[in-house]
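Source file: final-v9.cif; contents: mmCIF, C-alpha atoms.
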data_my_file
loop_
_atom_site.label_atom_id
_atom_site.label_comp_id
_atom_site.auth_asym_id
_atom_site.auth_seq_id
_atom_site.Cartn_x
_atom_site.Cartn_y
_atom_site.Cartn_z
CA MET T 180 -25.49 -8.01 17.67
CA ASN T 181 -27.71 -5.09 16.68
CA GLY T 182 -25.73 -2.84 19.01
CA LEU T 183 -22.49 -3.80 17.26
CA LEU T 184 -24.00 -3.18 13.82
CA ASN T 185 -25.22 0.23 14.95
CA ASP T 186 -21.77 1.10 16.29
CA LEU T 187 -20.08 0.01 13.07
CA ALA T 188 -22.53 1.85 10.84
CA SER T 189 -22.21 5.00 12.95
CA PHE T 190 -18.42 4.88 12.86
CA ILE T 191 -18.29 4.32 9.09
CA ALA T 192 -20.85 7.08 8.47
CA SER T 193 -18.75 9.50 10.54
CA ASN T 194 -15.40 8.32 9.14
CA PRO T 195 -16.01 6.94 5.63
CA GLU T 196 -12.56 7.75 4.20
CA SER T 197 -10.73 6.61 7.32
CA SER T 198 -12.67 3.33 7.37
CA ASP T 199 -11.95 2.79 3.67
CA LEU T 200 -8.24 3.42 4.14
CA GLN T 201 -7.91 1.07 7.11
CA ILE T 202 -9.70 -1.73 5.25
CA SER T 203 -7.65 -1.05 2.11
CA ALA T 204 -4.35 -1.10 3.99
CA PHE T 205 -5.15 -4.41 5.68
CA SER T 206 -6.39 -5.86 2.37
CA ALA T 207 -3.13 -4.92 0.63
CA ALA T 208 -1.13 -6.59 3.41
CA LEU T 209 -3.23 -9.79 3.26
CA GLN T 210 -2.80 -10.09 -0.50
CA HIS T 211 0.98 -9.70 -0.40
CA LEU T 212 3.47 -12.57 -0.37
CA ARG T 213 5.02 -11.12 2.81
CA ARG T 214 1.74 -11.14 4.68
CA ALA T 215 3.20 -13.29 7.47
CA THR T 216 5.33 -10.32 8.52
CA ILE T 217 3.48 -7.22 7.31
CA ALA T 218 -0.12 -8.15 8.24
CA THR T 219 0.64 -7.15 11.82
CA PRO T 220 -1.35 -6.93 14.01
CA PHE T 221 -3.52 -9.86 12.90
CA PRO T 222 -6.80 -11.10 14.50
CA THR T 223 -5.57 -14.60 15.31
CA HIS T 224 -8.41 -15.02 17.80
CA LEU T 225 -10.82 -14.75 14.87
CA PHE T 226 -8.94 -16.56 12.12
CA LYS T 227 -6.61 -19.41 12.99
CA THR T 228 -5.92 -22.87 11.62
CA THR T 229 -6.38 -26.12 13.53
CA SER T 230 -2.71 -25.91 14.46
CA GLY T 231 -3.17 -22.43 15.91
CA ASP T 232 -1.44 -20.53 13.10
CA LYS T 233 -2.80 -17.43 11.41
CA ASP T 234 -5.40 -18.34 8.80
CA PHE T 235 -4.71 -15.67 6.18
CA GLN T 236 -6.95 -17.24 3.55
CA ALA T 237 -10.01 -17.31 5.81
CA CYS T 238 -9.33 -13.73 6.86
CA LEU T 239 -9.01 -12.60 3.24
CA GLN T 240 -12.28 -14.35 2.35
CA ALA T 241 -14.02 -12.58 5.21
CA LEU T 242 -12.66 -9.24 4.05
CA GLU T 243 -13.85 -9.85 0.49
CA CYS T 244 -17.38 -10.34 1.80
CA LEU T 245 -17.49 -6.76 3.05
CA ALA T 246 -19.51 -4.24 1.09
CA PRO T 247 -18.22 -0.80 0.02
CA THR T 248 -18.14 1.72 2.87
CA SER T 249 -20.92 3.71 1.20
CA HIS T 250 -23.13 0.63 1.62
CA MET T 251 -22.08 -0.16 5.21
CA ARG T 252 -23.18 3.19 6.64
CA VAL T 253 -26.66 1.74 7.22
CA PRO T 254 -27.11 -0.90 9.99
CA THR T 255 -29.69 -2.86 7.98
CA ASN T 256 -27.21 -3.29 5.14
CA LEU T 257 -24.70 -4.79 7.56
CA GLN T 258 -27.17 -7.53 8.47
CA ALA T 259 -26.58 -9.19 5.09
CA ILE T 260 -22.82 -9.47 5.73
CA PRO T 261 -21.55 -12.79 7.22
CA GLN T 262 -20.70 -12.79 10.90
CA PRO T 263 -16.94 -13.47 10.42
CA SER T 264 -16.75 -10.40 8.21
CA ILE T 265 -18.57 -8.29 10.82
CA ALA T 266 -16.14 -9.51 13.49
CA LEU T 267 -13.20 -8.57 11.28
CA LEU T 268 -14.69 -5.14 10.59
CA ALA T 269 -15.17 -4.52 14.30
CA TRP T 270 -11.58 -5.57 14.98
CA LEU T 271 -10.31 -3.15 12.34
CA LEU T 272 -12.38 -0.13 13.27
CA LEU T 273 -13.70 -0.29 16.83
CA PRO T 274 -11.13 -1.67 19.32
CA GLU T 275 -10.13 0.72 22.08
CA THR T 276 -6.48 0.00 21.35
CA ARG T 277 -6.89 1.64 17.94
CA LYS T 278 -8.64 4.79 19.06
CA GLN T 279 -5.37 6.69 18.67
CA LEU T 280 -5.12 5.62 15.04
CA LEU T 281 -8.08 7.64 13.86
CA PHE T 282 -7.29 9.89 10.93
CA HIS T 283 -9.31 12.10 8.68
CA PRO T 284 -8.93 13.71 5.25
CA ILE T 285 -7.87 17.35 5.19
CA PRO T 286 -7.59 19.94 2.40
CA PRO T 287 -4.13 20.98 1.12
CA SER T 288 -4.39 24.37 2.85
CA THR T 289 -4.83 22.73 6.27
CA PHE T 290 -1.96 20.36 5.48
CA VAL T 291 0.37 23.30 4.79
CA LYS T 292 -0.67 25.04 8.03
CA GLN T 293 0.02 21.91 10.05
CA LEU T 294 3.48 21.56 8.50
CA GLN T 295 4.24 25.18 9.41
CA GLN T 296 3.17 24.52 12.99
CA VAL T 297 5.68 21.67 13.27
CA GLN T 298 8.57 23.41 11.54
CA PRO T 299 8.01 27.13 10.96
CA GLY T 300 9.28 28.25 7.58
CA VAL T 301 9.36 24.79 6.03
CA LEU T 302 8.39 24.80 2.37
CA PRO T 303 5.32 22.68 1.56
CA PRO T 304 5.82 19.90 -1.01
CA HIS T 305 5.19 20.89 -4.60
CA PHE T 306 3.78 18.12 -6.78
CA GLU T 307 3.49 18.01 -10.53
CA ALA T 308 -0.06 17.80 -11.85
CA ASN T 309 0.27 14.08 -12.62
CA GLN T 310 1.82 13.29 -9.23
CA ALA T 311 -0.44 15.22 -6.86
CA PRO T 312 -1.85 13.16 -3.97
CA SER T 313 -5.44 12.06 -4.41
CA ALA T 314 -6.06 12.38 -0.66
CA ILE T 315 -4.30 13.78 2.40
CA PHE T 316 -4.99 12.19 5.79
CA ALA T 317 -4.06 13.71 9.13
CA LEU T 318 -3.48 11.24 11.93
CA ASP T 319 -4.97 11.97 15.33
CA ARG T 320 -2.61 11.23 18.17
CA PRO T 321 -3.54 11.13 21.88
CA SER T 322 -0.48 13.14 22.89
CA SER T 323 0.94 16.29 21.37
CA SER T 324 4.50 16.60 20.17
CA THR T 325 7.26 17.11 22.73
CA ALA T 326 10.06 17.63 20.21
CA ARG T 327 12.05 20.82 20.78
CA ARG T 328 13.84 20.71 17.42
CA PRO T 329 11.37 19.03 15.06
CA VAL T 330 12.11 18.52 11.37
CA VAL T 331 9.54 17.57 8.73
CA ALA T 332 10.66 14.54 6.71
CA TYR T 333 9.07 12.09 4.27
CA HIS T 334 9.09 8.31 3.98
CA GLY T 335 7.87 6.57 0.82
CA THR T 336 6.32 3.13 1.18
CA ALA T 337 4.01 0.67 -0.51
CA MET T 338 0.35 0.27 0.39
CA GLU T 339 0.89 -3.20 1.84
CA ASN T 340 3.16 -1.74 4.56
CA LEU T 341 0.70 0.88 5.75
CA HIS T 342 -1.31 -1.41 8.08
CA SER T 343 1.68 -2.35 10.22
CA ILE T 344 3.13 1.19 10.14
CA LEU T 345 -0.09 2.74 11.40
CA ASN T 346 -0.31 0.20 14.22
CA THR T 347 3.31 -0.25 15.25
CA GLY T 348 4.97 2.84 13.78
CA LEU T 349 8.07 3.03 11.62
CA ILE T 350 10.57 0.51 12.94
CA ASN T 351 14.26 -0.04 12.32
CA ALA T 352 14.18 -3.26 10.30
CA SER T 353 17.86 -3.23 9.31
CA GLY T 354 19.44 -6.65 9.71
CA THR T 355 16.10 -8.39 10.24
CA ARG T 356 13.83 -10.44 8.00
CA LEU T 357 11.64 -7.34 7.61
CA GLN T 358 14.33 -5.44 5.72
CA ARG T 359 13.28 -4.96 2.09
CA THR T 360 15.84 -2.44 0.80
CA GLY T 361 19.56 -2.03 1.14
CA ALA T 362 21.40 -0.11 3.85
CA ALA T 363 24.13 1.51 1.79
CA PHE T 364 24.69 4.27 4.34
CA GLY T 365 24.11 2.33 7.55
CA ASP T 366 21.34 0.72 9.55
CA GLY T 367 18.21 2.64 10.40
CA ILE T 368 15.04 4.18 9.02
CA TYR T 369 15.61 6.21 5.87
CA LEU T 370 13.70 9.46 5.39
CA SER T 371 14.20 12.56 3.31
CA THR T 372 13.48 16.25 3.77
CA ARG T 373 12.58 16.27 0.07
CA HIS T 374 9.27 14.68 -0.78
CA SER T 375 10.41 13.90 -4.34
CA VAL T 376 13.21 11.70 -3.02
CA ALA T 377 10.90 9.77 -0.71
CA TYR T 378 8.24 9.46 -3.42
CA SER T 379 10.70 7.56 -5.60
CA PHE T 380 10.73 4.78 -2.97
CA SER T 381 6.96 4.36 -2.90
CA ARG T 382 5.60 1.52 -5.03
CA PRO T 383 2.04 1.06 -6.30
CA SER T 384 0.14 -1.89 -4.86
CA ASP T 385 -3.25 -3.45 -5.42
CA SER T 386 -5.76 -2.27 -2.86
CA TRP T 387 -9.17 -3.36 -1.62
CA LYS T 388 -11.30 -4.08 -4.69
CA LYS T 389 -14.29 -2.19 -3.25
CA SER T 390 -12.37 0.89 -2.15
CA ALA T 391 -13.66 4.27 -3.22
CA LEU T 392 -10.12 5.67 -2.87
CA GLY T 393 -8.60 3.66 -5.71
CA SER T 394 -7.85 0.12 -6.84
CA ARG T 395 -4.07 0.61 -6.95
CA MET T 396 -2.31 3.04 -4.60
CA ARG T 397 0.98 4.13 -3.05
CA CYS T 398 1.76 6.08 0.11
CA LEU T 399 3.99 8.89 1.28
CA LEU T 400 4.27 9.37 5.04
CA VAL T 401 4.89 12.84 6.44
CA CYS T 402 6.78 12.58 9.71
CA GLU T 403 8.09 14.73 12.50
CA VAL T 404 11.69 13.83 13.37
CA ASP T 405 12.96 14.79 16.82
CA MET T 406 16.53 15.98 16.24
CA ASP T 407 17.29 16.11 19.99
CA LYS T 408 16.64 12.40 20.39
CA ILE T 409 18.85 11.72 17.41
CA ASP T 410 21.69 13.75 18.87
CA GLU T 411 21.41 11.73 22.09
CA ASP T 412 22.11 8.59 20.10
CA SER T 413 25.78 8.83 19.17
CA SER T 414 25.73 5.58 17.22
CA ALA T 415 23.24 6.69 14.58
CA GLY T 416 21.17 9.56 13.36
CA PRO T 417 21.02 11.75 10.30
CA ARG T 418 24.25 12.65 8.57
CA ARG T 419 24.51 15.09 5.73
CA THR T 420 27.11 15.03 3.05
CA GLN T 421 30.27 16.68 4.33
CA SER T 422 32.61 15.40 1.67
CA ASP T 423 32.66 13.64 -1.67
CA SER T 424 32.99 10.27 0.00
CA SER T 425 30.35 7.75 -1.08
CA SER T 426 30.10 6.60 2.54
CA ASP T 427 28.44 9.88 3.53
CA LEU T 428 24.68 10.11 3.51
CA PRO T 429 23.48 12.24 0.58
CA ASP T 430 22.07 15.67 1.24
CA ALA T 431 18.37 15.78 2.15
CA TYR T 432 18.53 12.21 3.54
CA LEU T 433 17.93 11.38 7.19
CA LEU T 434 19.00 8.12 8.78
CA VAL T 435 17.29 7.46 12.10
CA SER T 436 17.88 4.45 14.33
CA ARG T 437 15.54 5.42 17.20
CA THR T 438 11.91 4.67 16.46
CA ASP T 439 10.76 7.04 19.21
CA ALA T 440 12.38 9.91 17.31
CA ILE T 441 9.80 9.65 14.51
CA ARG T 442 6.14 10.63 14.70
CA VAL T 443 3.94 9.93 11.69
CA MET T 444 1.66 12.95 11.14
CA HIS T 445 0.11 12.55 7.70
CA VAL T 446 -0.50 9.95 5.02
CA LEU T 447 -0.43 11.20 1.43
CA LEU T 448 -2.29 8.79 -0.80
CA PHE T 449 -1.53 8.51 -4.51
CA CYS T 450 -3.95 6.71 -6.81
CA ASP T 451 -2.30 4.81 -9.68
CA ALA T 452 -5.59 3.23 -10.78
CA PRO T 453 -9.09 4.62 -10.15
CA PRO T 454 -11.75 2.76 -8.19
CA LEU T 455 -13.31 -0.15 -10.00
CA ALA T 456 -16.48 0.81 -11.83
CA ASP T 457 -19.54 -0.31 -9.87
CA PRO T 458 -17.56 -2.50 -7.41
CA GLN T 459 -20.74 -3.81 -5.83
CA GLY T 460 -23.64 -4.52 -8.16
CA VAL T 461 -27.25 -5.14 -7.33
CA ASP T 462 -26.54 -8.85 -7.07
CA GLY T 463 -23.99 -8.27 -4.30
CA ARG T 464 -21.08 -9.62 -6.28
CA VAL T 465 -17.91 -7.81 -7.21
CA HIS T 466 -17.93 -6.61 -10.81
CA ARG T 467 -14.50 -6.23 -12.32
CA PRO T 468 -13.85 -4.07 -15.35
CA ALA T 469 -13.00 -5.75 -18.63
CA SER T 470 -9.31 -6.60 -18.81
CA ARG T 471 -7.15 -4.47 -21.07
CA ILE T 472 -5.12 -5.95 -23.92
CA ASN T 473 -1.40 -5.82 -23.27
CA TRP T 474 -0.14 -5.13 -26.78
CA CYS T 475 3.48 -5.50 -25.71
CA SER T 476 2.80 -9.11 -24.68
CA VAL T 477 0.89 -9.70 -27.92
CA LEU T 478 3.84 -8.51 -30.02
CA VAL T 479 6.27 -10.67 -28.04
CA PHE T 480 4.01 -13.70 -28.56
CA LEU T 481 3.71 -13.08 -32.30
CA TYR T 482 7.47 -12.65 -32.60
CA ALA T 483 8.10 -15.92 -30.75
CA LEU T 484 5.50 -17.67 -32.90
CA GLY T 485 7.15 -16.37 -36.08
CA MET T 486 10.56 -17.59 -34.94
CA LEU T 487 9.09 -21.01 -34.15
CA VAL T 488 7.40 -21.29 -37.56
CA SER T 489 10.54 -20.20 -39.43
CA GLY T 490 12.59 -22.72 -37.48
CA VAL T 491 10.19 -25.53 -38.33
CA LEU T 492 10.10 -24.62 -42.01
CA ALA T 493 13.92 -24.59 -42.16
CA ASN T 494 14.03 -28.23 -41.07
CA LYS T 495 14.84 -30.51 -44.05
CA THR T 496 12.64 -33.32 -42.85
CA VAL T 497 9.69 -30.95 -42.61
CA GLN T 498 10.45 -29.62 -46.09
CA VAL T 499 10.36 -33.15 -47.54
CA GLN T 500 7.07 -33.92 -45.80
CA LEU T 501 5.55 -30.68 -47.12
CA LYS T 502 6.59 -31.54 -50.68
CA VAL T 503 5.02 -35.00 -50.40
CA LEU T 504 1.84 -33.45 -49.04
CA LEU T 505 1.67 -30.91 -51.85
CA ARG T 506 2.11 -33.67 -54.49
CA ARG T 507 -0.71 -35.70 -53.00
CA LEU T 508 -2.97 -32.67 -53.02
CA GLN T 509 -2.11 -32.01 -56.69
CA HIS T 510 -2.90 -35.62 -57.64
CA LYS T 511 -6.26 -35.47 -55.86
CA SER T 512 -7.17 -32.25 -57.65
#
Spell out the structure here as structure tokens.
Amino acid sequence: MNGLLNDLASFIASNPESSDLQISAFSAALQHLRRATIATPFPTHLFKTTSGDKDFQACLQALECLAPTSHMRVPTNLQAIPQPSIALLAWLLLPETRKQLLFHPIPPSTFVKQLQQVQPGVLPPHFEANQAPSAIFALDRPSSSTARRPVVAYHGTAMENLHSILNTGLINASGTRLQRTGAAFGDGIYLSTRHSVAYSFSRPSDSWKKSALGSRMRCLLVCEVDMDKIDEDSSAGPRRTQSDSSSDLPDAYLLVSRTDAIRVMHVLLFCDAPPLADPQGVDGRVHRPASRINWCSVLVFLYALGMLVSGVLANKTVQVQLKVLLRRLQHKS
């Protein structure tokens, strides 16, 4: 057991951001209503019901018992974490099958250089000040690219989808129960050569409550698309607008049906809500910030209450009862 704790602490100390992102991605998937399909892969051998089904609730409870990554860099701190949580952490971070999924944060300058290496001359994405990514992760792959005509493209997605994407890649979900958006221009995986277009399809999602990256995040995947493999597939592939027909794919869109034609290279992380203040206190419990007042909801409630009161006062029976009550009060006085 001590050997496992040492391995985990060493890995987290060497890869704190990567560990945080992997835990956060799995946490977002477990919390979502579609967790039966998006929390894939899932450690069924660790968390299963008496009937042999995936026990999502037990897995989520084990994940919530984990400490922040800054706390889990020390083996002795891991000793206070329950064994099911340690087993889940080892499954997420240490299995040999996930060695190829290691990724690390890089500065924007390195990100631009890597884009230029894939597609020389490609313009790097320009973000407004309020939309700049909070972190850029480069994914390490065991094999280098073999694409002869690579194109850099972007795919916007929600945080809850990141766990399955990093483990199984982008898949063509058209016509399956995994499909979440329409297919107005045909079946396949939708990408765009414009990051602003793809960003519009990313949605903010609640993340791991103890994440140092943020409590609510969205993702933008930077991919390499192999145009040769697309050309080999005559039934699908990217089409650019050639006419005014609405059936043509808009400019800057790519529609790819072959999953092996797409290689995820980077994950751009956008923080919609900062990390929770002091997520792990001295007592070991999660401390949540004070909830904010939603003034829009307050106004709606007051309006509904006013309408209810005016409706009651307009009732003749109520008016008679009020008059009787007022007379009694006058007599008593």
Selection under test: the PyMOL selection byres ((chain T and resi 302-317) around 10); residues as a PDB file with C-alpha atoms, in the frame of the given file:
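Full text of part_10.pdb as output:
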ATOM      1  CA  GLU T 196     -12.560   7.750   4.200  1.00  0.00           C
ATOM      2  CA  SER T 197     -10.730   6.610   7.320  1.00  0.00           C
ATOM      3  CA  LEU T 200      -8.240   3.420   4.140  1.00  0.00           C
ATOM      4  CA  LEU T 281      -8.080   7.640  13.860  1.00  0.00           C
ATOM      5  CA  PHE T 282      -7.290   9.890  10.930  1.00  0.00           C
ATOM      6  CA  HIS T 283      -9.310  12.100   8.680  1.00  0.00           C
ATOM      7  CA  PRO T 284      -8.930  13.710   5.250  1.00  0.00           C
ATOM      8  CA  ILE T 285      -7.870  17.350   5.190  1.00  0.00           C
ATOM      9  CA  PRO T 286      -7.590  19.940   2.400  1.00  0.00           C
ATOM     10  CA  PRO T 287      -4.130  20.980   1.120  1.00  0.00           C
ATOM     11  CA  SER T 288      -4.390  24.370   2.850  1.00  0.00           C
ATOM     12  CA  THR T 289      -4.830  22.730   6.270  1.00  0.00           C
ATOM     13  CA  PHE T 290      -1.960  20.360   5.480  1.00  0.00           C
ATOM     14  CA  VAL T 291       0.370  23.300   4.790  1.00  0.00           C
ATOM     15  CA  LYS T 292      -0.670  25.040   8.030  1.00  0.00           C
ATOM     16  CA  GLN T 293       0.020  21.910  10.050  1.00  0.00           C
ATOM     17  CA  LEU T 294       3.480  21.560   8.500  1.00  0.00           C
ATOM     18  CA  GLN T 295       4.240  25.180   9.410  1.00  0.00           C
ATOM     19  CA  GLN T 298       8.570  23.410  11.540  1.00  0.00           C
ATOM     20  CA  PRO T 299       8.010  27.130  10.960  1.00  0.00           C
ATOM     21  CA  GLY T 300       9.280  28.250   7.580  1.00  0.00           C
ATOM     22  CA  VAL T 301       9.360  24.790   6.030  1.00  0.00           C
ATOM     23  CA  LEU T 318      -3.480  11.240  11.930  1.00  0.00           C
ATOM     24  CA  ASP T 319      -4.970  11.970  15.330  1.00  0.00           C
ATOM     25  CA  ARG T 320      -2.610  11.230  18.170  1.00  0.00           C
ATOM     26  CA  VAL T 331       9.540  17.570   8.730  1.00  0.00           C
ATOM     27  CA  TYR T 333       9.070  12.090   4.270  1.00  0.00           C
ATOM     28  CA  THR T 372      13.480  16.250   3.770  1.00  0.00           C
ATOM     29  CA  ARG T 373      12.580  16.270   0.070  1.00  0.00           C
ATOM     30  CA  HIS T 374       9.270  14.680  -0.780  1.00  0.00           C
ATOM     31  CA  SER T 375      10.410  13.900  -4.340  1.00  0.00           C
ATOM     32  CA  TYR T 378       8.240   9.460  -3.420  1.00  0.00           C
ATOM     33  CA  LEU T 392     -10.120   5.670  -2.870  1.00  0.00           C
ATOM     34  CA  GLY T 393      -8.600   3.660  -5.710  1.00  0.00           C
ATOM     35  CA  MET T 396      -2.310   3.040  -4.600  1.00  0.00           C
ATOM     36  CA  ARG T 397       0.980   4.130  -3.050  1.00  0.00           C
ATOM     37  CA  CYS T 398       1.760   6.080   0.110  1.00  0.00           C
ATOM     38  CA  LEU T 399       3.990   8.890   1.280  1.00  0.00           C
ATOM     39  CA  LEU T 400       4.270   9.370   5.040  1.00  0.00           C
ATOM     40  CA  VAL T 401       4.890  12.840   6.440  1.00  0.00           C
ATOM     41  CA  VAL T 443       3.940   9.930  11.690  1.00  0.00           C
ATOM     42  CA  MET T 444       1.660  12.950  11.140  1.00  0.00           C
ATOM     43  CA  HIS T 445       0.110  12.550   7.700  1.00  0.00           C
ATOM     44  CA  VAL T 446      -0.500   9.950   5.020  1.00  0.00           C
ATOM     45  CA  LEU T 447      -0.430  11.200   1.430  1.00  0.00           C
ATOM     46  CA  LEU T 448      -2.290   8.790  -0.800  1.00  0.00           C
ATOM     47  CA  PHE T 449      -1.530   8.510  -4.510  1.00  0.00           C
ATOM     48  CA  CYS T 450      -3.950   6.710  -6.810  1.00  0.00           C
ATOM     49  CA  ASP T 451      -2.300   4.810  -9.680  1.00  0.00           C
TER      50      ASP T 451
END
Please report, as JSON, the centre and edge lengths in Å to one decimal of an axis-aligned box covering all listed atoms of range 202-221 of chain T with 6 Å per side.
{"center_x": -2.2, "center_y": -7.2, "center_z": 6.8, "size_x": 27.0, "size_y": 24.2, "size_z": 26.5}
To one decimal place, how far is CA of Ser390 in chain T from CA of Leu455 in chain T in Å?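 Atom-to-atom, CA of Ser390 in chain T to CA of Leu455 in chain T, that is 8.0 Å.
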The PyMOL selection byres ((chain T and resi 244) around 8) on the file shown: which residues, as a ChimeraX atom specification? /T:240-243,245-246,260-261,264
What residues come out when you apply the PyMOL selection byres ((chain T and resi 325) around 12) to this file, written as a PDB file with C-alpha atoms, keeping the file's coordinate frame?
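Below is the file out27.pdb, written as the result:
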ATOM      1  CA  VAL T 297       5.680  21.670  13.270  1.00  0.00           C
ATOM      2  CA  SER T 322      -0.480  13.140  22.890  1.00  0.00           C
ATOM      3  CA  SER T 323       0.940  16.290  21.370  1.00  0.00           C
ATOM      4  CA  SER T 324       4.500  16.600  20.170  1.00  0.00           C
ATOM      5  CA  ALA T 326      10.060  17.630  20.210  1.00  0.00           C
ATOM      6  CA  ARG T 327      12.050  20.820  20.780  1.00  0.00           C
ATOM      7  CA  ARG T 328      13.840  20.710  17.420  1.00  0.00           C
ATOM      8  CA  PRO T 329      11.370  19.030  15.060  1.00  0.00           C
ATOM      9  CA  GLU T 403       8.090  14.730  12.500  1.00  0.00           C
ATOM     10  CA  VAL T 404      11.690  13.830  13.370  1.00  0.00           C
ATOM     11  CA  ASP T 405      12.960  14.790  16.820  1.00  0.00           C
ATOM     12  CA  MET T 406      16.530  15.980  16.240  1.00  0.00           C
ATOM     13  CA  ASP T 407      17.290  16.110  19.990  1.00  0.00           C
ATOM     14  CA  LYS T 408      16.640  12.400  20.390  1.00  0.00           C
ATOM     15  CA  ASP T 439      10.760   7.040  19.210  1.00  0.00           C
ATOM     16  CA  ALA T 440      12.380   9.910  17.310  1.00  0.00           C
ATOM     17  CA  ILE T 441       9.800   9.650  14.510  1.00  0.00           C
ATOM     18  CA  ARG T 442       6.140  10.630  14.700  1.00  0.00           C
TER      19      ARG T 442
END
Closest of T:Ser198, T:Asp186, T:Ser249, T:Asn340 to Leu212 in chain T - atom-to-atom distances counting only C-alpha atoms: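 Of T:Ser198, T:Asp186, T:Ser249, T:Asn340, the one nearest Leu212 in chain T is T:Asn340, counting only C-alpha atoms.
As for CA of Phe221 in chain T and CA of Gly182 in chain T, they are spaced 24.1 Å apart.
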CA of Pro454 in chain T to CA of Pro247 in chain T, distance in Å rounded to a single decimal: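 If I compute the distance from CA of Pro454 in chain T to CA of Pro247 in chain T, I get 11.0 Å.
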Closest pair table for range 295-411 of chain T residues within 6 Å of range 430-435 of chain T, all atoms listed in the file, as a tab-separated table:
residue	atom	partner	partner_atom	distance
T:Gly367	CA	T:Val435	CA	5.2
T:Ile368	CA	T:Val435	CA	5.0
T:Tyr369	CA	T:Leu434	CA	4.9
T:Leu370	CA	T:Leu433	CA	5.0
T:Ser371	CA	T:Tyr432	CA	4.4
T:Thr372	CA	T:Ala431	CA	5.2
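Shortest atom-to-atom contact with Ala259 in chain T among T:Leu184, T:Val330, T:Ala218, T:Ala208: T:Leu184, counting all atoms listed in the file.
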